[in-house]
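Colleague: Here you go, this is coords-v7.pdb (PDB, C-alpha atoms).
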ATOM      1  CA  MET L   1    -161.390 -17.873-302.352
ATOM      2  CA  THR L   2    -161.968 -15.341-299.623
ATOM      3  CA  THR L   3    -165.467 -14.153-298.855
ATOM      4  CA  THR L   4    -164.310 -11.053-296.974
ATOM      5  CA  PRO L   5    -165.382  -8.339-299.376
ATOM      6  CA  ALA L   6    -163.356  -5.218-298.858
ATOM      7  CA  ARG L   7    -159.847  -3.905-298.408
ATOM      8  CA  THR L   8    -161.320  -1.109-296.307
ATOM      9  CA  PRO L   9    -163.529  -2.373-293.452
ATOM     10  CA  SER L  10    -166.675  -0.560-292.463
ATOM     11  CA  THR L  11    -166.474   1.152-289.092
ATOM     12  CA  ALA L  12    -169.548   2.595-287.442
ATOM     13  CA  GLU L  13    -169.651   5.946-285.704
ATOM     14  CA  ASP L  14    -169.398   4.217-282.316
ATOM     15  CA  GLY L  15    -166.216   2.422-283.372
ATOM     16  CA  THR L  16    -167.709  -1.042-283.924
ATOM     17  CA  ARG L  17    -167.128  -2.957-287.110
ATOM     18  CA  SER L  18    -170.175  -3.052-289.343
ATOM     19  CA  PRO L  19    -170.914  -6.171-291.392
ATOM     20  CA  ILE L  20    -172.501  -4.240-294.232
ATOM     21  CA  LEU L  21    -170.881  -1.765-296.604
ATOM     22  CA  ILE L  22    -173.813  -0.096-298.316
ATOM     23  CA  GLY L  23    -173.260   0.964-301.916
ATOM     24  CA  THR L  24    -175.235   1.458-305.086
ATOM     25  CA  ALA L  25    -175.100   0.677-308.782
ATOM     26  CA  PRO L  26    -175.972   2.222-312.155
ATOM     27  CA  ASP L  27    -179.017  -0.060-312.254
ATOM     28  CA  SER L  28    -180.587   2.111-309.540
ATOM     29  CA  TRP L  29    -180.366   5.006-312.009
ATOM     30  CA  GLY L  30    -182.037   2.996-314.776
ATOM     31  CA  VAL L  31    -178.886   1.743-316.507
ATOM     32  CA  TRP L  32    -178.894  -1.648-318.247
ATOM     33  CA  PHE L  33    -176.714  -1.006-321.282
ATOM     34  CA  PRO L  34    -173.366   0.629-322.131
ATOM     35  CA  ASP L  35    -175.147   3.336-324.106
ATOM     36  CA  ASP L  36    -178.823   4.209-324.312
ATOM     37  CA  PRO L  37    -180.481   7.647-324.547
ATOM     38  CA  GLN L  38    -183.110   6.528-322.017
ATOM     39  CA  GLN L  39    -180.396   6.082-319.380
ATOM     40  CA  THR L  40    -179.026   8.586-316.881
ATOM     41  CA  PRO L  41    -175.770  10.118-318.213
ATOM     42  CA  TRP L  42    -172.797   8.657-316.364
ATOM     43  CA  GLU L  43    -171.533  11.985-314.986
ATOM     44  CA  ARG L  44    -174.950  12.664-313.482
ATOM     45  CA  PHE L  45    -175.023   9.164-312.018
ATOM     46  CA  LEU L  46    -171.694   9.662-310.213
ATOM     47  CA  ASP L  47    -172.656  13.113-308.948
ATOM     48  CA  GLU L  48    -176.016  11.931-307.642
ATOM     49  CA  VAL L  49    -174.497   8.863-305.960
ATOM     50  CA  VAL L  50    -172.480  11.285-303.846
ATOM     51  CA  GLU L  51    -175.494  13.502-303.210
ATOM     52  CA  ALA L  52    -177.470  10.464-302.025
ATOM     53  CA  GLY L  53    -174.776   9.673-299.464
ATOM     54  CA  TYR L  54    -173.092   6.586-300.913
ATOM     55  CA  HIS L  55    -169.338   5.919-301.081
ATOM     56  CA  TRP L  56    -169.265   2.594-302.962
ATOM     57  CA  ILE L  57    -170.454   1.754-306.477
ATOM     58  CA  GLU L  58    -170.473  -1.053-308.990
ATOM     59  CA  LEU L  59    -169.253  -0.327-312.498
ATOM     60  CA  GLY L  60    -172.425  -1.497-314.222
ATOM     61  CA  PRO L  61    -172.376  -2.586-317.879
ATOM     62  CA  TYR L  62    -168.906  -2.298-319.382
ATOM     63  CA  GLY L  63    -168.687   0.928-321.363
ATOM     64  CA  TYR L  64    -171.219   2.929-319.363
ATOM     65  CA  LEU L  65    -168.533   4.455-317.155
ATOM     66  CA  PRO L  66    -165.177   5.375-318.720
ATOM     67  CA  THR L  67    -163.172   2.262-319.572
ATOM     68  CA  ASP L  68    -159.793   3.987-319.367
ATOM     69  CA  ALA L  69    -158.643   3.033-315.877
ATOM     70  CA  SER L  70    -156.735   6.262-315.247
ATOM     71  CA  ARG L  71    -159.643   8.459-316.262
ATOM     72  CA  LEU L  72    -162.134   6.401-314.280
ATOM     73  CA  ALA L  73    -159.894   6.492-311.208
ATOM     74  CA  ASP L  74    -159.699  10.272-311.479
ATOM     75  CA  GLU L  75    -163.476  10.616-311.805
ATOM     76  CA  LEU L  76    -163.997   8.411-308.751
ATOM     77  CA  SER L  77    -161.312  10.099-306.671
ATOM     78  CA  ALA L  78    -162.759  13.534-307.399
ATOM     79  CA  ARG L  79    -166.020  12.341-305.818
ATOM     80  CA  ASP L  80    -164.510  10.226-303.017
ATOM     81  CA  LEU L  81    -166.065   7.080-304.501
ATOM     82  CA  LYS L  82    -164.731   3.506-304.464
ATOM     83  CA  VAL L  83    -165.564   0.451-306.550
ATOM     84  CA  SER L  84    -166.931  -2.745-305.016
ATOM     85  CA  ALA L  85    -167.333  -4.814-308.191
ATOM     86  CA  GLY L  86    -167.592  -5.070-311.936
ATOM     87  CA  THR L  87    -170.283  -7.048-313.739
ATOM     88  CA  VAL L  88    -170.077  -9.692-316.454
ATOM     89  CA  PHE L  89    -172.702 -11.692-318.319
ATOM     90  CA  THR L  90    -172.108 -15.359-319.029
ATOM     91  CA  ALA L  91    -173.669 -18.224-320.976
ATOM     92  CA  PHE L  92    -171.456 -21.166-320.053
ATOM     93  CA  HIS L  93    -174.329 -23.611-320.419
ATOM     94  CA  ARG L  94    -174.285 -23.039-324.174
ATOM     95  CA  ALA L  95    -171.965 -25.125-326.306
ATOM     96  CA  GLY L  96    -171.145 -22.638-329.077
ATOM     97  CA  ALA L  97    -167.427 -21.846-329.307
ATOM     98  CA  ASP L  98    -167.915 -18.326-330.683
ATOM     99  CA  GLU L  99    -170.253 -17.318-327.857
ATOM    100  CA  ARG L 100    -167.885 -18.753-325.260
ATOM    101  CA  GLN L 101    -164.991 -16.803-326.730
ATOM    102  CA  ALA L 102    -167.024 -13.586-326.709
ATOM    103  CA  THR L 103    -167.905 -14.247-323.075
ATOM    104  CA  TRP L 104    -164.257 -14.685-322.133
ATOM    105  CA  ASP L 105    -163.224 -11.563-324.059
ATOM    106  CA  GLN L 106    -165.774  -9.581-322.048
ATOM    107  CA  ILE L 107    -164.651 -11.160-318.789
ATOM    108  CA  HIS L 108    -161.025 -10.161-319.305
ATOM    109  CA  ARG L 109    -161.942  -6.564-320.193
ATOM    110  CA  VAL L 110    -164.164  -6.141-317.151
ATOM    111  CA  ALA L 111    -161.813  -7.925-314.766
ATOM    112  CA  GLU L 112    -158.832  -5.859-315.854
ATOM    113  CA  LEU L 113    -160.702  -2.591-315.344
ATOM    114  CA  THR L 114    -162.244  -3.672-312.031
ATOM    115  CA  SER L 115    -158.887  -4.717-310.607
ATOM    116  CA  ALA L 116    -157.194  -1.534-311.864
ATOM    117  CA  VAL L 117    -159.623   0.708-309.958
ATOM    118  CA  GLY L 118    -159.509  -1.252-306.710
ATOM    119  CA  GLY L 119    -162.523  -3.545-306.924
ATOM    120  CA  GLU L 120    -162.311  -7.041-305.467
ATOM    121  CA  HIS L 121    -165.398  -8.725-306.904
ATOM    122  CA  ILE L 122    -167.023  -9.629-310.187
ATOM    123  CA  VAL L 123    -170.799 -10.002-310.122
ATOM    124  CA  VAL L 124    -171.685 -12.701-312.643
ATOM    125  CA  ILE L 125    -175.134 -12.700-314.251
ATOM    126  CA  PRO L 126    -176.117 -15.783-316.264
ATOM    127  CA  ALA L 127    -177.761 -15.494-319.658
ATOM    128  CA  MET L 128    -181.526 -15.355-319.628
ATOM    129  CA  TRP L 129    -183.562 -17.801-321.664
ATOM    130  CA  ARG L 130    -185.976 -14.973-322.551
ATOM    131  CA  ASP L 131    -184.636 -11.728-323.968
ATOM    132  CA  ASP L 132    -184.469  -9.047-321.250
ATOM    133  CA  VAL L 133    -185.990  -6.375-323.500
ATOM    134  CA  THR L 134    -188.370  -8.143-325.905
ATOM    135  CA  GLY L 135    -189.214 -11.123-323.691
ATOM    136  CA  GLU L 136    -188.795 -13.457-326.674
ATOM    137  CA  ALA L 137    -187.727 -16.993-325.767
ATOM    138  CA  VAL L 138    -184.256 -17.671-327.150
ATOM    139  CA  GLU L 139    -183.832 -21.202-325.730
ATOM    140  CA  PRO L 140    -185.638 -23.690-323.438
ATOM    141  CA  GLY L 141    -186.347 -22.509-319.904
ATOM    142  CA  THR L 142    -184.753 -25.530-318.230
ATOM    143  CA  LEU L 143    -181.329 -27.128-318.604
ATOM    144  CA  ASP L 144    -180.607 -30.767-319.352
ATOM    145  CA  ALA L 145    -177.798 -32.664-317.610
ATOM    146  CA  ASP L 146    -175.192 -31.536-320.140
ATOM    147  CA  GLY L 147    -176.296 -27.936-319.755
ATOM    148  CA  TRP L 148    -175.920 -28.106-315.983
ATOM    149  CA  ARG L 149    -172.492 -29.719-316.356
ATOM    150  CA  ARG L 150    -171.297 -26.994-318.737
ATOM    151  CA  LEU L 151    -172.739 -24.316-316.455
ATOM    152  CA  ALA L 152    -170.949 -25.604-313.360
ATOM    153  CA  GLU L 153    -167.644 -26.297-315.118
ATOM    154  CA  GLY L 154    -167.682 -22.866-316.736
ATOM    155  CA  HIS L 155    -168.204 -21.050-313.461
ATOM    156  CA  ASP L 156    -165.565 -23.121-311.669
ATOM    157  CA  GLU L 157    -163.107 -22.177-314.409
ATOM    158  CA  LEU L 158    -164.202 -18.548-314.239
ATOM    159  CA  GLY L 159    -163.632 -18.445-310.484
ATOM    160  CA  ALA L 160    -160.124 -19.808-310.913
ATOM    161  CA  VAL L 161    -159.216 -17.321-313.652
ATOM    162  CA  LEU L 162    -160.607 -14.333-311.754
ATOM    163  CA  GLU L 163    -158.759 -15.253-308.575
ATOM    164  CA  GLU L 164    -155.441 -16.346-310.069
ATOM    165  CA  LYS L 165    -155.079 -13.758-312.838
ATOM    166  CA  TYR L 166    -156.823 -10.717-311.356
ATOM    167  CA  GLY L 167    -157.171 -11.290-307.608
ATOM    168  CA  LEU L 168    -160.967 -11.036-307.873
ATOM    169  CA  ALA L 169    -163.768 -13.116-306.360
ATOM    170  CA  GLN L 170    -166.625 -14.481-308.444
ATOM    171  CA  GLN L 171    -170.075 -13.629-307.048
ATOM    172  CA  PHE L 172    -172.781 -15.505-308.949
ATOM    173  CA  HIS L 173    -176.099 -13.678-309.264
ATOM    174  CA  SER L 174    -179.256 -15.754-309.725
ATOM    175  CA  HIS L 175    -181.641 -13.908-312.012
ATOM    176  CA  ALA L 176    -185.231 -13.830-313.211
ATOM    177  CA  ASP L 177    -185.752 -15.660-316.517
ATOM    178  CA  SER L 178    -182.397 -17.412-316.180
ATOM    179  CA  HIS L 179    -181.794 -21.098-315.531
ATOM    180  CA  VAL L 180    -180.764 -20.334-311.941
ATOM    181  CA  CYS L 181    -183.745 -18.535-310.447
ATOM    182  CA  SER L 182    -185.746 -20.765-308.080
ATOM    183  CA  MET L 183    -184.671 -22.082-304.687
ATOM    184  CA  ASP L 184    -184.100 -25.573-306.104
ATOM    185  CA  GLU L 185    -182.018 -24.182-308.971
ATOM    186  CA  ILE L 186    -179.889 -22.027-306.657
ATOM    187  CA  LEU L 187    -179.280 -25.005-304.346
ATOM    188  CA  ARG L 188    -178.370 -27.238-307.286
ATOM    189  CA  PHE L 189    -175.961 -24.624-308.593
ATOM    190  CA  LEU L 190    -174.258 -24.469-305.189
ATOM    191  CA  GLU L 191    -174.047 -28.258-305.007
ATOM    192  CA  GLU L 192    -172.484 -28.562-308.444
ATOM    193  CA  THR L 193    -169.897 -25.764-308.176
ATOM    194  CA  ASP L 194    -166.658 -25.521-306.224
ATOM    195  CA  PRO L 195    -167.096 -23.505-303.003
ATOM    196  CA  GLN L 196    -163.497 -22.348-303.327
ATOM    197  CA  ARG L 197    -164.250 -20.812-306.735
ATOM    198  CA  VAL L 198    -167.883 -19.695-306.638
ATOM    199  CA  SER L 199    -169.733 -17.593-304.059
ATOM    200  CA  LEU L 200    -173.192 -16.083-304.316
ATOM    201  CA  CYS L 201    -174.104 -12.524-304.955
ATOM    202  CA  LEU L 202    -177.346 -12.951-303.037
ATOM    203  CA  ASP L 203    -179.780 -10.646-304.775
ATOM    204  CA  THR L 204    -182.690 -10.478-302.356
ATOM    205  CA  GLY L 205    -185.103  -9.204-304.998
ATOM    206  CA  HIS L 206    -184.321 -11.801-307.654
ATOM    207  CA  ALA L 207    -184.275 -14.561-305.031
ATOM    208  CA  GLU L 208    -187.765 -13.528-303.927
ATOM    209  CA  TYR L 209    -188.830 -13.327-307.581
ATOM    210  CA  GLY L 210    -187.858 -16.970-307.995
ATOM    211  CA  GLY L 211    -189.547 -18.053-304.769
ATOM    212  CA  ALA L 212    -186.280 -18.444-302.843
ATOM    213  CA  SER L 213    -185.827 -17.302-299.250
ATOM    214  CA  SER L 214    -182.755 -15.110-298.787
ATOM    215  CA  ALA L 215    -182.728 -15.711-295.036
ATOM    216  CA  GLU L 216    -182.905 -19.472-295.534
ATOM    217  CA  LEU L 217    -180.087 -19.394-298.089
ATOM    218  CA  ILE L 218    -177.918 -17.543-295.580
ATOM    219  CA  ARG L 219    -178.740 -20.070-292.864
ATOM    220  CA  ARG L 220    -178.226 -23.132-295.089
ATOM    221  CA  HIS L 221    -175.106 -21.954-296.921
ATOM    222  CA  PRO L 222    -173.465 -19.214-294.843
ATOM    223  CA  ASP L 223    -170.025 -19.896-296.307
ATOM    224  CA  ARG L 224    -171.279 -19.450-299.892
ATOM    225  CA  ILE L 225    -172.619 -15.932-299.373
ATOM    226  CA  GLY L 226    -169.976 -13.472-300.535
ATOM    227  CA  TYR L 227    -171.834 -10.355-301.658
ATOM    228  CA  LEU L 228    -175.351  -8.911-301.700
ATOM    229  CA  HIS L 229    -177.744  -6.909-303.797
ATOM    230  CA  LEU L 230    -180.360  -5.492-301.445
ATOM    231  CA  LYS L 231    -183.756  -4.888-302.995
ATOM    232  CA  GLN L 232    -187.392  -5.907-302.826
ATOM    233  CA  ILE L 233    -190.249  -7.010-305.045
ATOM    234  CA  ASP L 234    -193.847  -5.833-304.946
ATOM    235  CA  PRO L 235    -195.841  -8.941-303.875
ATOM    236  CA  GLU L 236    -199.011  -7.793-305.634
ATOM    237  CA  VAL L 237    -197.188  -7.305-308.946
ATOM    238  CA  MET L 238    -195.441 -10.638-308.407
ATOM    239  CA  GLU L 239    -198.809 -12.365-308.131
ATOM    240  CA  VAL L 240    -199.635 -11.079-311.613
ATOM    241  CA  VAL L 241    -196.216 -12.128-312.916
ATOM    242  CA  ARG L 242    -196.748 -15.699-311.739
ATOM    243  CA  ARG L 243    -200.397 -15.874-312.729
ATOM    244  CA  ASP L 244    -199.812 -14.606-316.262
ATOM    245  CA  ASP L 245    -196.263 -15.969-316.698
ATOM    246  CA  LEU L 246    -194.964 -12.499-317.465
ATOM    247  CA  THR L 247    -191.484 -12.198-318.843
ATOM    248  CA  TRP L 248    -188.793 -10.402-316.855
ATOM    249  CA  ALA L 249    -189.030  -7.563-319.369
ATOM    250  CA  ALA L 250    -192.771  -7.195-318.768
ATOM    251  CA  ALA L 251    -192.449  -7.645-315.009
ATOM    252  CA  ASN L 252    -189.847  -4.912-314.792
ATOM    253  CA  LYS L 253    -192.034  -2.489-316.740
ATOM    254  CA  ALA L 254    -194.931  -3.389-314.426
ATOM    255  CA  GLY L 255    -192.854  -2.258-311.437
ATOM    256  CA  VAL L 256    -192.061  -5.618-309.863
ATOM    257  CA  MET L 257    -188.966  -4.169-308.189
ATOM    258  CA  VAL L 258    -190.113  -1.679-305.579
ATOM    259  CA  GLU L 259    -188.502   0.866-303.308
ATOM    260  CA  PRO L 260    -187.844  -0.488-299.792
ATOM    261  CA  PRO L 261    -189.570  -0.940-297.411
ATOM    262  CA  GLY L 262    -192.585  -1.400-299.660
ATOM    263  CA  GLY L 263    -191.976  -5.014-300.642
ATOM    264  CA  LEU L 264    -190.436  -8.393-299.883
ATOM    265  CA  PRO L 265    -188.271  -9.829-298.451
ATOM    266  CA  ASP L 266    -187.944  -8.152-295.060
ATOM    267  CA  LEU L 267    -184.443  -6.683-295.344
ATOM    268  CA  SER L 268    -184.154  -6.323-291.572
ATOM    269  CA  GLU L 269    -184.419 -10.119-291.312
ATOM    270  CA  VAL L 270    -181.804 -10.588-294.037
ATOM    271  CA  ILE L 271    -179.387  -8.171-292.396
ATOM    272  CA  ASP L 272    -179.961  -9.775-289.001
ATOM    273  CA  GLU L 273    -178.944 -13.151-290.463
ATOM    274  CA  LEU L 274    -175.827 -11.586-291.973
ATOM    275  CA  GLU L 275    -174.832  -9.928-288.710
ATOM    276  CA  GLN L 276    -174.760 -13.331-287.044
ATOM    277  CA  LEU L 277    -172.074 -14.556-289.458
ATOM    278  CA  GLY L 278    -169.429 -12.193-288.087
ATOM    279  CA  ARG L 279    -168.092 -11.226-291.521
ATOM    280  CA  SER L 280    -168.204  -8.069-293.600
ATOM    281  CA  PHE L 281    -170.249  -7.863-296.789
ATOM    282  CA  PHE L 282    -171.019  -5.394-299.498
ATOM    283  CA  GLY L 283    -174.747  -4.690-299.650
ATOM    284  CA  ILE L 284    -175.353  -2.943-302.960
ATOM    285  CA  VAL L 285    -178.644  -1.188-303.643
ATOM    286  CA  GLU L 286    -179.533  -2.269-307.159
ATOM    287  CA  GLN L 287    -183.163  -1.446-307.869
ATOM    288  CA  ASP L 288    -184.030  -2.312-311.460
ATOM    289  CA  MET L 289    -185.428   0.893-312.914
ATOM    290  CA  TYR L 290    -184.857   0.636-316.667
ATOM    291  CA  PRO L 291    -186.065   2.759-318.303
ATOM    292  CA  VAL L 292    -186.538   5.687-315.929
ATOM    293  CA  THR L 293    -189.500   7.932-316.637
ATOM    294  CA  SER L 294    -187.471  11.002-315.734
ATOM    295  CA  PHE L 295    -183.797  11.557-314.905
ATOM    296  CA  HIS L 296    -185.071  13.295-311.756
ATOM    297  CA  ASP L 297    -186.571  10.086-310.314
ATOM    298  CA  PRO L 298    -183.577   7.968-309.147
ATOM    299  CA  LEU L 299    -181.869  10.369-306.724
ATOM    300  CA  PRO L 300    -184.630  10.731-304.097
ATOM    301  CA  ILE L 301    -185.335   6.977-304.232
ATOM    302  CA  ALA L 302    -181.643   6.200-303.733
ATOM    303  CA  ALA L 303    -181.392   8.572-300.787
ATOM    304  CA  ARG L 304    -184.511   7.198-299.087
ATOM    305  CA  THR L 305    -183.344   3.604-299.628
ATOM    306  CA  ARG L 306    -179.984   4.285-298.035
ATOM    307  CA  LYS L 307    -181.700   5.885-295.039
ATOM    308  CA  HIS L 308    -183.993   2.875-294.683
ATOM    309  CA  LEU L 309    -181.125   0.376-294.833
ATOM    310  CA  CYS L 310    -179.183   2.337-292.259
ATOM    311  CA  GLY L 311    -182.008   1.582-289.838
ATOM    312  CA  CYS L 312    -182.133  -2.161-290.479
ATOM    313  CA  GLY L 313    -179.133  -3.340-288.458
ATOM    314  CA  SER L 314    -180.065  -4.674-285.029
ATOM    315  CA  ARG L 315    -176.639  -4.645-283.392
ATOM    316  CA  THR L 316    -174.392  -2.576-285.609
ATOM    317  CA  ARG L 317    -174.622   0.526-287.687
ATOM    318  CA  ILE L 318    -174.536   0.388-291.455
ATOM    319  CA  ARG L 319    -172.629   2.802-293.638
TER
END
Could I get this file's structure written as C-alpha cells?
Modeller:
Amino acid sequence: MTTTPARTPSTAEDGTRSPILIGTAPDSWGVWFPDDPQQTPWERFLDEVVEAGYHWIELGPYGYLPTDASRLADELSARDLKVSAGTVFTAFHRAGADERQATWDQIHRVAELTSAVGGEHIVVIPAMWRDDVTGEAVEPGTLDADGWRRLAEGHDELGAVLEEKYGLAQQFHSHADSHVCSMDEILRFLEETDPQRVSLCLDTGHAEYGGASSAELIRRHPDRIGYLHLKQIDPEVMEVVRRDDLTWAAANKAGVMVEPPGGLPDLSEVIDELEQLGRSFFGIVEQDMYPVTSFHDPLPIAARTRKHLCGCGSRTRIR
C-alpha cells in the first residue's frame, strides 16, 4: 500500500514541493453526526472552508455531505474543493456477526463515495469503550488476547478490501476512550498489523491525549505514517482529565482540544520530523468542537489555524 497521499502534489510558491497538504474537516465546524441541529449546516461548512483558505476536505460522517456522488462532485467543483479522505467507524475487536456486517455495510458505502469523488484515503476510527456522547461504559477498557487478534485481523482485511476493491489506503486513527489510545497500545497495534495494509492517521491531539509522542512515533515508525490530523490539547484541561478520569465526552465539553498554538504537541516539531521523510502527506485540521456554541465560531478559528500551520514548516512552505 502506498503512503504517498495525493494525486495532486503540493507545490509551494517558490516552486519547491511541500510535504504537507493542509486541509480541514467537518469536525472543525462541530460536526460529529450525519444530522444534528446543533451542527453547522453542510452548505455553510463548504462555503466557510473556502473563505478560510482551504482547498482540501474530509467527508466527515457519512450522510452529512450529500451522498449522491454526482451532486457532491458538483458542490465541490463549484467551490474548487477536493476530497482527501472519507471516514469509517469500526469495531473489529467485537465478535458479534450483526455488528460486523453493519460495519462492512458502512465501509462499502463510504469507500464507494470517497473513491467516486477523487479521495485516496479512508480514515478509520475504532469503536470507543465509553459512549462518545453519554460517557457510559459499553465494554471493558482493555482488550484480551482474542480481542487484539480480532482487531488486527479485521484491520488487515479492511486494508486489503479498500486497496483492491476501491484503490484506497487505510489510515488508522488512534482515539481517546478507544482500545488504541496510549503509546503502548499504538505500538502494539502497529506490531500486530500488516504494514502493507495498515498505515496510521497520526492524530497529534489524540496521540497527546493518550500520552503518546507524535514526533517519536514518526521517528520510530516513519514508514507507517500515511496521513495526519493536526491539532493540540490544552495541557491544563488534560491534567483534570487524567486526575478525574473524565470521559472523552466530558473532556471534549471541557475544551480539551484547543486552537493552535495554545496547546500540545508542538506542531512545528511534528512538521519538522515529517519534512525529513521526503514524502508528501495530508495534514488535516480536525479540531473537535462538538457542539459549537455558535455557528459563527468555527470560521475565524479555522482561518487562524491555517495561518499558524503555514508558518510551521522549517524548509518548505505549506499550502
Colleague: Give as number ranges by chain each residue that has an atom at most 12 Å from (-173.3, 9.9, -313.5) in the file, counting all atoms listed in the file.
Modeller: L: 25-31, 39-51, 57, 59-60, 64-66, 72, 75-76, 79, 81, 295, 298-299
Colleague: Find the residues near region 98-108 of chain L: any atom within 7 Å, counting only C-alpha atoms, skip ones fewer than 6 places away on the same chain, and give them as JSON, numbers by chain.
Modeller: {"L": [88, 90, 92]}
Colleague: Quick one: apply the PyMOL selection byres ((chain L and resi 139-151) around 12) to the file and drop the selected residues here as a JSON list (two decimals) with C-alpha atoms, in the frame of the given file.
Modeller:
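Output below, filename result-v4.json:
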[["chain", "number", "residue", "atom", "x", "y", "z"],
["L", 90, "THR", "CA", -172.11, -15.36, -319.03],
["L", 91, "ALA", "CA", -173.67, -18.22, -320.98],
["L", 92, "PHE", "CA", -171.46, -21.17, -320.05],
["L", 93, "HIS", "CA", -174.33, -23.61, -320.42],
["L", 94, "ARG", "CA", -174.28, -23.04, -324.17],
["L", 95, "ALA", "CA", -171.96, -25.12, -326.31],
["L", 96, "GLY", "CA", -171.14, -22.64, -329.08],
["L", 100, "ARG", "CA", -167.88, -18.75, -325.26],
["L", 126, "PRO", "CA", -176.12, -15.78, -316.26],
["L", 127, "ALA", "CA", -177.76, -15.49, -319.66],
["L", 128, "MET", "CA", -181.53, -15.36, -319.63],
["L", 129, "TRP", "CA", -183.56, -17.80, -321.66],
["L", 130, "ARG", "CA", -185.98, -14.97, -322.55],
["L", 131, "ASP", "CA", -184.64, -11.73, -323.97],
["L", 135, "GLY", "CA", -189.21, -11.12, -323.69],
["L", 136, "GLU", "CA", -188.80, -13.46, -326.67],
["L", 137, "ALA", "CA", -187.73, -16.99, -325.77],
["L", 138, "VAL", "CA", -184.26, -17.67, -327.15],
["L", 152, "ALA", "CA", -170.95, -25.60, -313.36],
["L", 153, "GLU", "CA", -167.64, -26.30, -315.12],
["L", 154, "GLY", "CA", -167.68, -22.87, -316.74],
["L", 155, "HIS", "CA", -168.20, -21.05, -313.46],
["L", 156, "ASP", "CA", -165.56, -23.12, -311.67],
["L", 157, "GLU", "CA", -163.11, -22.18, -314.41],
["L", 158, "LEU", "CA", -164.20, -18.55, -314.24],
["L", 172, "PHE", "CA", -172.78, -15.50, -308.95],
["L", 176, "ALA", "CA", -185.23, -13.83, -313.21],
["L", 177, "ASP", "CA", -185.75, -15.66, -316.52],
["L", 178, "SER", "CA", -182.40, -17.41, -316.18],
["L", 179, "HIS", "CA", -181.79, -21.10, -315.53],
["L", 180, "VAL", "CA", -180.76, -20.33, -311.94],
["L", 181, "CYS", "CA", -183.74, -18.54, -310.45],
["L", 182, "SER", "CA", -185.75, -20.76, -308.08],
["L", 185, "GLU", "CA", -182.02, -24.18, -308.97],
["L", 186, "ILE", "CA", -179.89, -22.03, -306.66],
["L", 188, "ARG", "CA", -178.37, -27.24, -307.29],
["L", 189, "PHE", "CA", -175.96, -24.62, -308.59],
["L", 190, "LEU", "CA", -174.26, -24.47, -305.19],
["L", 191, "GLU", "CA", -174.05, -28.26, -305.01],
["L", 192, "GLU", "CA", -172.48, -28.56, -308.44],
["L", 193, "THR", "CA", -169.90, -25.76, -308.18],
["L", 194, "ASP", "CA", -166.66, -25.52, -306.22],
["L", 198, "VAL", "CA", -167.88, -19.70, -306.64],
["L", 247, "THR", "CA", -191.48, -12.20, -318.84]]
Colleague: Determine, counting only C-alpha atoms, which protein, DNA and RNA residues have an atom within 8 Å of an atom of region 159-167 of chain L; residues of the same chain fewer than 3 positions away are not included. Present the result as a PDB file with C-alpha atoms, in the frame of the given file.
Modeller:
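Once everything was written out, this is out_31.pdb:
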ATOM      1  CA  MET L   1    -161.390 -17.873-302.352  1.00  0.00           C
ATOM      2  CA  ALA L 111    -161.813  -7.925-314.766  1.00  0.00           C
ATOM      3  CA  GLU L 112    -158.832  -5.859-315.854  1.00  0.00           C
ATOM      4  CA  SER L 115    -158.887  -4.717-310.607  1.00  0.00           C
ATOM      5  CA  GLU L 120    -162.311  -7.041-305.467  1.00  0.00           C
ATOM      6  CA  HIS L 155    -168.204 -21.050-313.461  1.00  0.00           C
ATOM      7  CA  ASP L 156    -165.565 -23.121-311.669  1.00  0.00           C
ATOM      8  CA  GLN L 170    -166.625 -14.481-308.444  1.00  0.00           C
ATOM      9  CA  ARG L 197    -164.250 -20.812-306.735  1.00  0.00           C
ATOM     10  CA  VAL L 198    -167.883 -19.695-306.638  1.00  0.00           C
TER      11      VAL L 198
END
Colleague: Using all atoms listed in the file, find the one residue out of L:Val123, L:Val285, L:Ile20, L:Val292 that sits nearest to Arg304 (chain L).
Modeller: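 For Arg304 (chain L), the nearest of the given residues is L:Val285.
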Colleague: Could you list, as a list in words, every residue within 12 Å of Ala254 (chain L), counting all atoms listed in the file and ignoring same-chain residues fewer than 2 positions away?
Modeller: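 Here the answer would be Ile233, Asp234, Pro235, Glu236, Val237, Met238, Glu239, Val240, Val241, Leu246, Thr247, Trp248, Ala249, Ala250, Ala251, Asn252, Val256, Met257, Val258, Asp288, Met289, Tyr290 and Pro291 of chain L.
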Colleague: In Å, rounded to a single decimal, give me how far CA of Phe89 (chain L) is from CA of Tyr54 (chain L).
Modeller: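 Spanning CA of Tyr54 (chain L) to CA of Phe89 (chain L) is a straight-line distance of 25.2 Å.
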Colleague: Which residues, written as a list in words, have at least one atom at most 8 Å from Asp203 (chain L), with only C-alpha atoms counted and residues fewer than 4 positions away on the same chain left out?
Modeller: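 That gives His173, Ser174, Ala207, Leu228, His229, Leu230 and Lys231 of chain L.
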Colleague: Could you please take those selected residues and save C-alpha atoms as an mmCIF file, in the coordinates of the input?
Modeller:
data_model
loop_
_atom_site.group_PDB
_atom_site.id
_atom_site.type_symbol
_atom_site.label_atom_id
_atom_site.label_comp_id
_atom_site.auth_asym_id
_atom_site.auth_seq_id
_atom_site.Cartn_x
_atom_site.Cartn_y
_atom_site.Cartn_z
ATOM 1 C CA HIS L 173 -176.099 -13.678 -309.264
ATOM 2 C CA SER L 174 -179.256 -15.754 -309.725
ATOM 3 C CA ALA L 207 -184.275 -14.561 -305.031
ATOM 4 C CA LEU L 228 -175.351 -8.911 -301.700
ATOM 5 C CA HIS L 229 -177.744 -6.909 -303.797
ATOM 6 C CA LEU L 230 -180.360 -5.492 -301.445
ATOM 7 C CA LYS L 231 -183.756 -4.888 -302.995
#
Colleague: Under the PyMOL selection byres ((chain L and resi 306) around 8), which residues of this model are included? Write them out as a PyMOL selection string.
Modeller: chain L and resi 22+52-54+285+302-305+307-310
Colleague: Could those selected residues go to a file with C-alpha atoms, as a tab-separated table (two decimals), keeping the file's coordinate frame?
Modeller:
chain	number	residue	atom	x	y	z
L	22	ILE	CA	-173.81	-0.10	-298.32
L	52	ALA	CA	-177.47	10.46	-302.02
L	53	GLY	CA	-174.78	9.67	-299.46
L	54	TYR	CA	-173.09	6.59	-300.91
L	285	VAL	CA	-178.64	-1.19	-303.64
L	302	ALA	CA	-181.64	6.20	-303.73
L	303	ALA	CA	-181.39	8.57	-300.79
L	304	ARG	CA	-184.51	7.20	-299.09
L	305	THR	CA	-183.34	3.60	-299.63
L	307	LYS	CA	-181.70	5.88	-295.04
L	308	HIS	CA	-183.99	2.88	-294.68
L	309	LEU	CA	-181.12	0.38	-294.83
L	310	CYS	CA	-179.18	2.34	-292.26
